[in-house]
Amino acid sequence: MMVVDDSVVIRGMISRWIASEPDMVVAASLRTGLEAVNQIDRVNPDVAVLDIEMPELDGIAALPKLLAKKKNLAVIMASTLTRRNAEISFKALSLGAADYIPKPESTREASAADNFHHDLIQKIRNLGAKARRSAPASYAPAAAPHVQPQALRPLVAPVPVPAAPTAPAQLARRSFSTQMPKVLLIGSSTGGPQALMSVVTELGAVIDRFPVLITQHMPPTFTTILAEHLARSSRRPAHEAIDGEVIKPGQIYLAPGGRHMRVARHGTDAVIALDNGPPVNFCKPAVDPLFTSAVDVWQGGTLAVILTGMGSDGMRGGKDIVAAGGSVIAQDEASSVVWGMPGAAANAGICAAILPLNQIAPKLVRLFAGDRS
């Protein structure tokens with residue numbers, strides 16, 4: 001694990017958190033992107049937390065240089081919640097960053113620091129496990145040389161790699177619903193922005209004829225920009241959902257950061273119902289509230305897709321959809337950045353299909369055109 005941030009406070013805090021985890025080691029704690037590029041070969045980390053704003057070489061400039069030296073390096077971009085930094089984080093994802101994390105404005109706020117701590121450790125653990133599985137067979141970290149007790153260890157210590165999830169080919173599939181789908185729901189997390197762009201780009205007329213509702217684990221400001229990207233990619237209207245608005249075909253509705261997006265029936269209309277309640281599955285917005293609430297509105301006409309992401313959010317809501325006669329599709333492990341959310345659904349036996357990312361949109365087009373195979 002390599003921490004790259006020009007703030008000594010942030011570097012020290014993250015390093016202490018990592019040092020307290022039995023399966024993690026701080027390989028290097030560096031002040032600039034230039035130092036990271038110069039030391040990547042020697043340090044050979046699985047994961048790097050990379051600040052955006054740094055002297056000498058900032059995060060967005062250092063990113064391609066780091067990935068050129070180590071292709072399977074999992075880079076987590078870290079930034080404060082400003083529109084500029086959110087836009088840079090999206091650019092970083094398109095350049096190969098695995099994920100992003102918003103840094104709290106002040107680490108003195110206990111809740112903000114706790115959320116940052118929890119989210120960061122989970123991202124490092126999940127992305128690091130995948131990076132180790134995808135490392136070349138010849139990769140073998142050298143033994144760390146002797147250092148003073150206070151110094152950070154300069155090499156990554158080998159840690160146990162979690163067993164790979166059950167292969168999709170061994171997992172049971174359900175039949176697709178016999179009912180025509182009336183709505184498309186999508187849940188995603190780590191790796192989700194890239195996956196969402198891939199899917200909505202190919203949906204075309206599906207969006208024109210049916211509403212599309214998306215929950216992506218993402219903070220405020222980031223969801224605003226994601227909606228803009230979805231609109232450009234799909235060439236269809238996309239926006240952060242507004243409480244009480246009527247859900248109509250031809251629109252993409254995105255759960256706003258910091259609010260759960262549910263749906264409800266208001267007379268003959270389906271409407272958005274935003275929820276400012278506590279996090280669900282450590283997330284806000286969370287996928288389960290959307291999936292579960294949709295059953296009351298569309299019953300067996302609900303079609304849900306669970307894309308790449310950590311944890312198991314979406315699995316319980318997916319069970320509710322299937323119990324009501326609807327269908328669930330999960331992204332497969334090979335094409336997922338992290339096979340947590342889709343893997344949980346797949347292993348729960350609720351999926352009608354487990355597909356590579358590039359096959360999901362074509363399958364959705366066929367399903368909304370009447371195919372039930």
# chains A, B, ... in the order shown; residues from 1 in each chain; ligands from 1
>>> residues_around(residues="region 71-79 of chain A", least_positions_apart="5", cutoff="7 Å", atoms="only C-alpha atoms", output="ChimeraX atom specification")
/A:46-52,85,89,97-103,127-128,131,134-135
>>> residues_around(residues="region 352-357 of chain A", least_positions_apart="2", cutoff="9 Å", atoms="only C-alpha atoms", output="JSON, numbers by chain")
{"A": [168, 169, 171, 172, 173, 174, 175, 176, 177, 195, 198, 199, 307, 327, 328, 329, 330, 331, 332, 333, 334, 335, 336, 342, 346, 349, 350, 359, 360, 361, 363]}
>>> residues_around(residues="region 211-219 of chain A", least_positions_apart="2", cutoff="7 Å", atoms="only C-alpha atoms", output="list in words")
Val183, Leu184, Leu185, Ile186, Gly187, Ser188, Ser189, Gly192, Ile207, Thr221, Phe222, Thr223, Ile247, Lys248, Pro249, Gly250, Gln251, Ile252, Tyr253, Leu254, Ala255, Gly257, Gly258, Cys283, Lys284, Pro285, Ala286 and Val287 of chain A
>>> write_last_selection(atoms="N, CA and C atoms", output="tab-separated table (two decimals), in the first residue's frame")
chain	number	residue	atom	x	y	z
A	183	VAL	N	-39.86	-1.19	-16.09
A	183	VAL	CA	-38.88	-0.23	-15.59
A	183	VAL	C	-37.53	-0.94	-15.52
A	184	LEU	N	-36.46	-0.14	-15.65
A	184	LEU	CA	-35.10	-0.68	-15.49
A	184	LEU	C	-34.46	0.00	-14.29
A	185	LEU	N	-34.01	-0.83	-13.34
A	185	LEU	CA	-33.31	-0.34	-12.15
A	185	LEU	C	-31.86	-0.81	-12.23
A	186	ILE	N	-30.92	0.05	-11.87
A	186	ILE	CA	-29.50	-0.32	-11.89
A	186	ILE	C	-28.85	0.10	-10.58
A	187	GLY	N	-28.09	-0.81	-9.97
A	187	GLY	CA	-27.33	-0.50	-8.77
A	187	GLY	C	-25.85	-0.75	-9.01
A	188	SER	N	-24.99	0.14	-8.52
A	188	SER	CA	-23.55	-0.01	-8.77
A	188	SER	C	-22.77	0.72	-7.69
A	189	SER	N	-21.48	0.38	-7.62
A	189	SER	CA	-20.59	1.01	-6.64
A	189	SER	C	-19.19	1.13	-7.24
A	192	GLY	N	-18.45	1.49	-10.86
A	192	GLY	CA	-19.76	1.73	-11.42
A	192	GLY	C	-19.84	2.82	-12.47
A	207	ILE	N	-34.53	3.48	-23.23
A	207	ILE	CA	-34.72	4.66	-22.39
A	207	ILE	C	-35.91	5.48	-22.88
A	221	THR	N	-22.25	16.25	-5.12
A	221	THR	CA	-21.37	16.88	-6.11
A	221	THR	C	-20.94	15.85	-7.16
A	222	PHE	N	-20.47	14.69	-6.71
A	222	PHE	CA	-20.10	13.63	-7.65
A	222	PHE	C	-21.32	13.15	-8.43
A	223	THR	N	-22.47	13.00	-7.75
A	223	THR	CA	-23.66	12.53	-8.46
A	223	THR	C	-24.16	13.56	-9.46
A	247	ILE	N	-42.35	9.84	-12.31
A	247	ILE	CA	-41.40	9.04	-13.08
A	247	ILE	C	-41.99	8.77	-14.47
A	248	LYS	N	-41.24	9.13	-15.50
A	248	LYS	CA	-41.73	9.01	-16.88
A	248	LYS	C	-40.71	8.30	-17.76
A	249	PRO	N	-41.17	7.64	-18.82
A	249	PRO	CA	-40.25	7.09	-19.82
A	249	PRO	C	-39.43	8.22	-20.45
A	250	GLY	N	-38.28	7.85	-21.00
A	250	GLY	CA	-37.43	8.84	-21.65
A	250	GLY	C	-36.50	9.56	-20.72
A	251	GLN	N	-36.47	9.16	-19.45
A	251	GLN	CA	-35.66	9.85	-18.45
A	251	GLN	C	-34.77	8.86	-17.70
A	252	ILE	N	-33.57	9.31	-17.34
A	252	ILE	CA	-32.70	8.58	-16.42
A	252	ILE	C	-32.69	9.34	-15.10
A	253	TYR	N	-33.09	8.65	-14.03
A	253	TYR	CA	-33.15	9.25	-12.70
A	253	TYR	C	-32.00	8.68	-11.87
A	254	LEU	N	-31.17	9.56	-11.32
A	254	LEU	CA	-30.02	9.14	-10.52
A	254	LEU	C	-30.23	9.54	-9.06
A	255	ALA	N	-30.02	8.60	-8.15
A	255	ALA	CA	-30.13	8.92	-6.72
A	255	ALA	C	-29.10	9.98	-6.37
A	257	GLY	N	-26.45	12.14	-4.22
A	257	GLY	CA	-25.54	11.80	-3.13
A	257	GLY	C	-26.11	12.21	-1.78
A	258	GLY	N	-26.01	11.32	-0.81
A	258	GLY	CA	-26.48	11.62	0.54
A	258	GLY	C	-27.96	11.41	0.77
A	283	CYS	N	-24.14	2.56	3.21
A	283	CYS	CA	-24.19	3.42	2.04
A	283	CYS	C	-25.38	4.37	2.07
A	284	LYS	N	-25.18	5.54	1.48
A	284	LYS	CA	-26.26	6.52	1.33
A	284	LYS	C	-25.90	7.43	0.17
A	285	PRO	N	-26.52	7.19	-1.00
A	285	PRO	CA	-27.67	6.31	-1.26
A	285	PRO	C	-27.27	4.84	-1.29
A	286	ALA	N	-28.27	3.99	-1.05
A	286	ALA	CA	-28.09	2.54	-1.12
A	286	ALA	C	-29.04	1.98	-2.17
A	287	VAL	N	-28.69	0.81	-2.68
A	287	VAL	CA	-29.45	0.17	-3.75
A	287	VAL	C	-30.70	-0.53	-3.21
>>> atom_distance(atom1="CA of His118 (chain A)", atom2="CA of Asp320 (chain A)")
28.0 Å
>>> closest_residue(among="A:Gly277, A:Leu290, A:His239, A:Arg133", to="Val263 (chain A)", atoms="only C-alpha atoms")
A:Leu290
>>> atom_distance(atom1="CA of Thr82 (chain A)", atom2="CA of Ser7 (chain A)")
17.4 Å
